[in-house]
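Worksheet: the structure to be examined is printed underneath.
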There are 2 protein chains.
Amino acid sequence: MKDQSAGYLANHMARLFARGLTARIKPLGLTTGTFPALLELWEKDGLTQKELVVRLDIEQATMANTLARMERDGLIFRKKDVGDGRVQRVWLTDHARDLRGPAIQAARAENAAALSGLSEVEQSQFITLMQKVIAARQPKDATVTA
Amino acid sequence: MKDQSAGYLANHMARLFARGLTARIKPLGLTTGTFPALLELWEKDGLTQKELVVRLDIEQATMANTLARMERDGLIFRKKDVGDGRVQRVWLTDHARDLRGPAIQAARAENAAALSGLSEVEQSQFITLMQKVIAARQPKDATVTA
DNA sequence: TATCATTGCATAGCAAGCTATTCAAGTGGT
DNA sequence: ACCACTTGAATAGCTTGCTATGCAATGATA
């Protein structure tokens with residue numbers, strides 16, 4: 001029944017991933033919710049909240065709360081944009097920068113462990129299929145379907 | 001980067017599924033969290049909380065809260081087991097029973113929509129791969145690995 | 001039988017997701 | 001210059017997940 005439902009399986013799988021990653025990054029003082037934002041910020045600092053929202057497909061309110069926790073925990077600080085008083089730019093603290101290596105290491109380890117039941121070929125098939133499912137849902141930019 | 005990470009993709013995909021299902025079952029007065037429990041209870045009533053916890057791989061505390069909401073919303077009621085005073089058995093209300101058809105219909109529709117970017121073959125591959133990933137994490141019952 | 005351990009459930013408190021609402025800052029049109 | 005609209009962010013309030021703790025009922029044992 002439920003084990004044939006893609007949605008149920010997706011939810012269950014995501015929970016298993018989250019449990020695993022939570023355990024691995026807890027020693028670093030990190031939680032799963034901050035991880036996507038950190039990935040973006042490690043690539044490039046000084047993004048606006050809006051930019052993070054778009055890149056990560058997270059609601060604005062969720063991101064605002066996540067950033068508030070990250071600020072509280074000394075991972076980031078926010079500074080008003082000089083040109084536009086509405087914009088808050090997000091900058092990493094040195095501490096957050098230091099966590100990049102071990103955090104990415106932990107994520108890789110979790111991914112490897114989670115996929116250890118699949119062959120090499122299956123693993124890349126799996127990634128590709130998830131990418132396809134996600135891509136099919138992304139609102140095609142200029143395709144004014146309405 | 002993140003689009004190659006199985007964990008990130010799993011999380012993103014699960015959020016997309018949840019968004020879709022949320023919208024579809026809102027008219028029924030249902031939310032996503034109750035869905036797994038309902039699936040079990042539609043199959044067979046009078047389960048204990050413990051049984052639901054095991055079947056759905058959800059923490060006990062989470063299930064207790066979910067059942068509390070379901071009771072509040074008139075989907076279930078709980079009655080003490082006659083033989084064991086600790087056990088609460090969960091029973092569906094008539095209203096919850098009536099929702100079975102349309103709810104399952106909504107879930108099927110969401111699954112179909114979400115997988116519409118995949119071919120038939122890819123869809124069953126995808127299901128199989130998710131099942132494998134999940135199965136690899138299930139604590140093999142009698143395999144006392146410790 | 002009195003005590004101790006286990007088992008089933010509830011509660012507290014937090015993270016991470018969401019919608020809806022509010023507010024301040026910019027932008028455009030007249 | 002003024003008013004209306006838009007845009008970026010914050011806040012309130014909810015669900016759904018988690019860990020940690022407490023508590024009552026049961027089971028086991030000295």
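Each chain of the structure tokens is named A, B, ... in the order shown, its residues numbered from 1; ligands are numbered from 1 in display order.
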
With 7 Å as the limit and counting only C-alpha atoms, what residues in chain B lie close to chain A? Please list them as an mmCIF file with N, CA and C atoms, in the first residue's frame.
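Just written: part.cif:
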data_model
loop_
_atom_site.group_PDB
_atom_site.id
_atom_site.type_symbol
_atom_site.label_atom_id
_atom_site.label_comp_id
_atom_site.auth_asym_id
_atom_site.auth_seq_id
_atom_site.Cartn_x
_atom_site.Cartn_y
_atom_site.Cartn_z
ATOM 1 N N GLN B 4 23.781 17.490 -6.476
ATOM 2 C CA GLN B 4 24.357 16.150 -6.617
ATOM 3 C C GLN B 4 24.249 15.384 -5.304
ATOM 4 N N SER B 5 23.780 16.058 -4.278
ATOM 5 C CA SER B 5 23.688 15.429 -2.967
ATOM 6 C C SER B 5 22.354 14.715 -2.796
ATOM 7 N N ALA B 6 22.425 13.401 -2.574
ATOM 8 C CA ALA B 6 21.198 12.614 -2.438
ATOM 9 C C ALA B 6 20.336 13.144 -1.300
ATOM 10 N N GLY B 7 20.962 13.516 -0.216
ATOM 11 C CA GLY B 7 20.214 14.005 0.936
ATOM 12 C C GLY B 7 19.493 15.298 0.642
ATOM 13 N N LEU B 9 18.597 16.412 -2.309
ATOM 14 C CA LEU B 9 17.539 16.133 -3.274
ATOM 15 C C LEU B 9 16.351 15.451 -2.604
ATOM 16 N N ALA B 10 16.630 14.534 -1.706
ATOM 17 C CA ALA B 10 15.549 13.827 -1.010
ATOM 18 C C ALA B 10 14.707 14.812 -0.205
ATOM 19 N N ASN B 11 15.373 15.716 0.468
ATOM 20 C CA ASN B 11 14.658 16.720 1.254
ATOM 21 C C ASN B 11 13.809 17.616 0.358
ATOM 22 N N MET B 13 12.699 17.061 -2.663
ATOM 23 C CA MET B 13 11.621 16.292 -3.271
ATOM 24 C C MET B 13 10.490 16.055 -2.284
ATOM 25 N N ALA B 14 10.843 15.699 -1.077
ATOM 26 C CA ALA B 14 9.816 15.452 -0.062
ATOM 27 C C ALA B 14 9.022 16.719 0.215
ATOM 28 N N PHE B 17 6.549 17.131 -2.664
ATOM 29 C CA PHE B 17 5.426 16.203 -2.482
ATOM 30 C C PHE B 17 4.481 16.722 -1.408
ATOM 31 N N ASN B 111 0.761 11.792 -6.543
ATOM 32 C CA ASN B 111 1.858 10.924 -6.979
ATOM 33 C C ASN B 111 2.004 10.944 -8.498
ATOM 34 N N ALA B 114 3.438 14.249 -9.651
ATOM 35 C CA ALA B 114 4.842 14.416 -9.286
ATOM 36 C C ALA B 114 5.751 13.582 -10.192
ATOM 37 N N LEU B 115 5.264 12.432 -10.616
ATOM 38 C CA LEU B 115 6.084 11.527 -11.423
ATOM 39 C C LEU B 115 5.854 11.700 -12.915
ATOM 40 N N GLY B 117 6.977 13.548 -15.015
ATOM 41 C CA GLY B 117 8.156 13.799 -15.836
ATOM 42 C C GLY B 117 8.951 12.539 -16.140
ATOM 43 N N PHE B 126 12.259 4.123 -10.049
ATOM 44 C CA PHE B 126 12.374 5.125 -8.995
ATOM 45 C C PHE B 126 11.796 4.602 -7.679
ATOM 46 N N ILE B 127 10.616 4.024 -7.764
ATOM 47 C CA ILE B 127 9.983 3.448 -6.577
ATOM 48 C C ILE B 127 10.883 2.367 -5.963
ATOM 49 N N LEU B 129 14.079 1.978 -6.249
ATOM 50 C CA LEU B 129 15.304 2.526 -5.668
ATOM 51 C C LEU B 129 15.023 3.145 -4.303
ATOM 52 N N MET B 130 13.924 3.865 -4.193
ATOM 53 C CA MET B 130 13.585 4.455 -2.882
ATOM 54 C C MET B 130 13.355 3.348 -1.865
ATOM 55 N N LYS B 132 14.684 0.463 -1.829
ATOM 56 C CA LYS B 132 15.989 -0.102 -1.469
ATOM 57 C C LYS B 132 16.727 0.764 -0.466
ATOM 58 N N VAL B 133 16.715 2.064 -0.716
ATOM 59 C CA VAL B 133 17.421 2.988 0.174
ATOM 60 C C VAL B 133 16.831 2.912 1.582
ATOM 61 N N ILE B 134 15.512 2.859 1.626
ATOM 62 C CA ILE B 134 14.846 2.780 2.929
ATOM 63 C C ILE B 134 15.135 1.447 3.603
ATOM 64 N N ALA B 136 17.612 -0.485 3.319
ATOM 65 C CA ALA B 136 18.993 -0.605 3.784
ATOM 66 C C ALA B 136 19.178 0.023 5.167
#

Contact residues around DA5 of chain C with only C-alpha atoms (C1' of nucleotides) at 12 Å, ignoring same-chain residues under 4 positions, as a PDB file with C-alpha atoms (C1' of nucleotides), in the first residue's frame:
ATOM      1  C1'  DT D  26       2.623  -4.114  34.271  1.00  0.00           C
ATOM      2  C1'  DG D  27       6.011  -7.770  34.975  1.00  0.00           C
ATOM      3  C1'  DA D  28       9.760 -10.004  37.325  1.00  0.00           C
ATOM      4  C1'  DT D  29      12.382 -11.200  41.309  1.00  0.00           C
TER       5       DT D  29
END

What's the 9 Å shell around DG26 of chain C, counting only C-alpha atoms (C1' of nucleotides), without same-chain residues fewer than 5 positions away, as a PyMOL selection string?
(chain A and resi 84-86) or (chain D and resi 6-7)

Take the selection from the previous step and output its residues with C-alpha atoms (C1' of nucleotides), as a PDB file, in the first residue's frame.
ATOM      1  CA  ASP A  84      18.608  49.617  -0.659  1.00  0.00           C
ATOM      2  CA  GLY A  85      17.472  49.977   2.926  1.00  0.00           C
ATOM      3  CA  ARG A  86      15.107  47.018   2.713  1.00  0.00           C
TER       4      ARG A  86
ATOM      5  C1'  DT D   6       5.659  46.764  -5.290  1.00  0.00           C
ATOM      6  C1'  DT D   7       9.277  44.542  -2.872  1.00  0.00           C
TER       7       DT D   7
END

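Proximity to chain B at a cut-off of 10 Å picks out DT7, DG8, DC9, DA10, DT11, DG17 and DC18 of chain C on chain C, counting only C-alpha atoms (C1' of nucleotides).
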
Go ahead and compute the interatomic distance for atom CA of Asp98 of chain B and atom CA of Arg24 of chain B, in Å to one decimal.
16.5 Å

Proximity of chain D to chain B: per-residue shortest pair, 12 Å limit, only C-alpha atoms (C1' of nucleotides), as a Markdown table:
| residue | atom | partner | partner_atom | distance |
| --- | --- | --- | --- | --- |
| D:DC14 | C1' | B:Thr31 | CA | 11.4 |
| D:DT15 | C1' | B:Gly33 | CA | 7.5 |
| D:DT16 | C1' | B:Gly33 | CA | 6.1 |
| D:DG17 | C1' | B:Thr62 | CA | 6.7 |
| D:DC18 | C1' | B:Glu59 | CA | 7.8 |
| D:DT19 | C1' | B:Ala61 | CA | 9.3 |
| D:DA20 | C1' | B:Ala61 | CA | 10.6 |
| D:DT21 | C1' | B:Ala61 | CA | 11.5 |
| D:DC23 | C1' | B:Arg86 | CA | 10.9 |
| D:DA24 | C1' | B:Arg86 | CA | 7.5 |
| D:DA25 | C1' | B:Arg86 | CA | 5.5 |
| D:DT26 | C1' | B:Asp84 | CA | 7.8 |
| D:DG27 | C1' | B:Asp84 | CA | 11.8 |

What's around DT21 of chain C at 12 Å? Count only C-alpha atoms (C1' of nucleotides), leave out sequence neighbours fewer than 5 positions away in its own chain, and write the answer as a list in words.
Ala61 of chain A; DA10, DT11, DA12 and DG13 of chain D

Writing out the chosen residues with C-alpha atoms (C1' of nucleotides) as a PDB file, in the first residue's frame:
ATOM      1  CA  ALA A  61       9.311  33.241   6.289  1.00  0.00           C
TER       2      ALA A  61
ATOM      3  C1'  DA D  10       9.876  40.242  10.064  1.00  0.00           C
ATOM      4  C1'  DT D  11       6.257  38.280  12.969  1.00  0.00           C
ATOM      5  C1'  DA D  12       2.309  35.388  14.453  1.00  0.00           C
ATOM      6  C1'  DG D  13       0.534  31.043  14.532  1.00  0.00           C
TER       7       DG D  13
END

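Every residue of chain B found in strand (DSSP E or B) when DSSP is run on the backbone appears here: Leu47, Thr48, Ile76, Phe77, Arg78, Lys79, Lys80, Gln88, Arg89, Val90, Trp91 and Leu92 of chain B.
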
Pick out each residue of chain B that DSSP on the backbone tags as helix (DSSP H, G or I); I need them as a PyMOL selection string.
chain B and resi 2-4+6-28+32-43+49-56+60-72+94-98+100-114+120-137

May I ask for the distance between atom C1' of DG22 of chain D and atom CA of Glu71 of chain B, given in Å to one decimal place?
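These atoms are spaced 22.8 Å apart.
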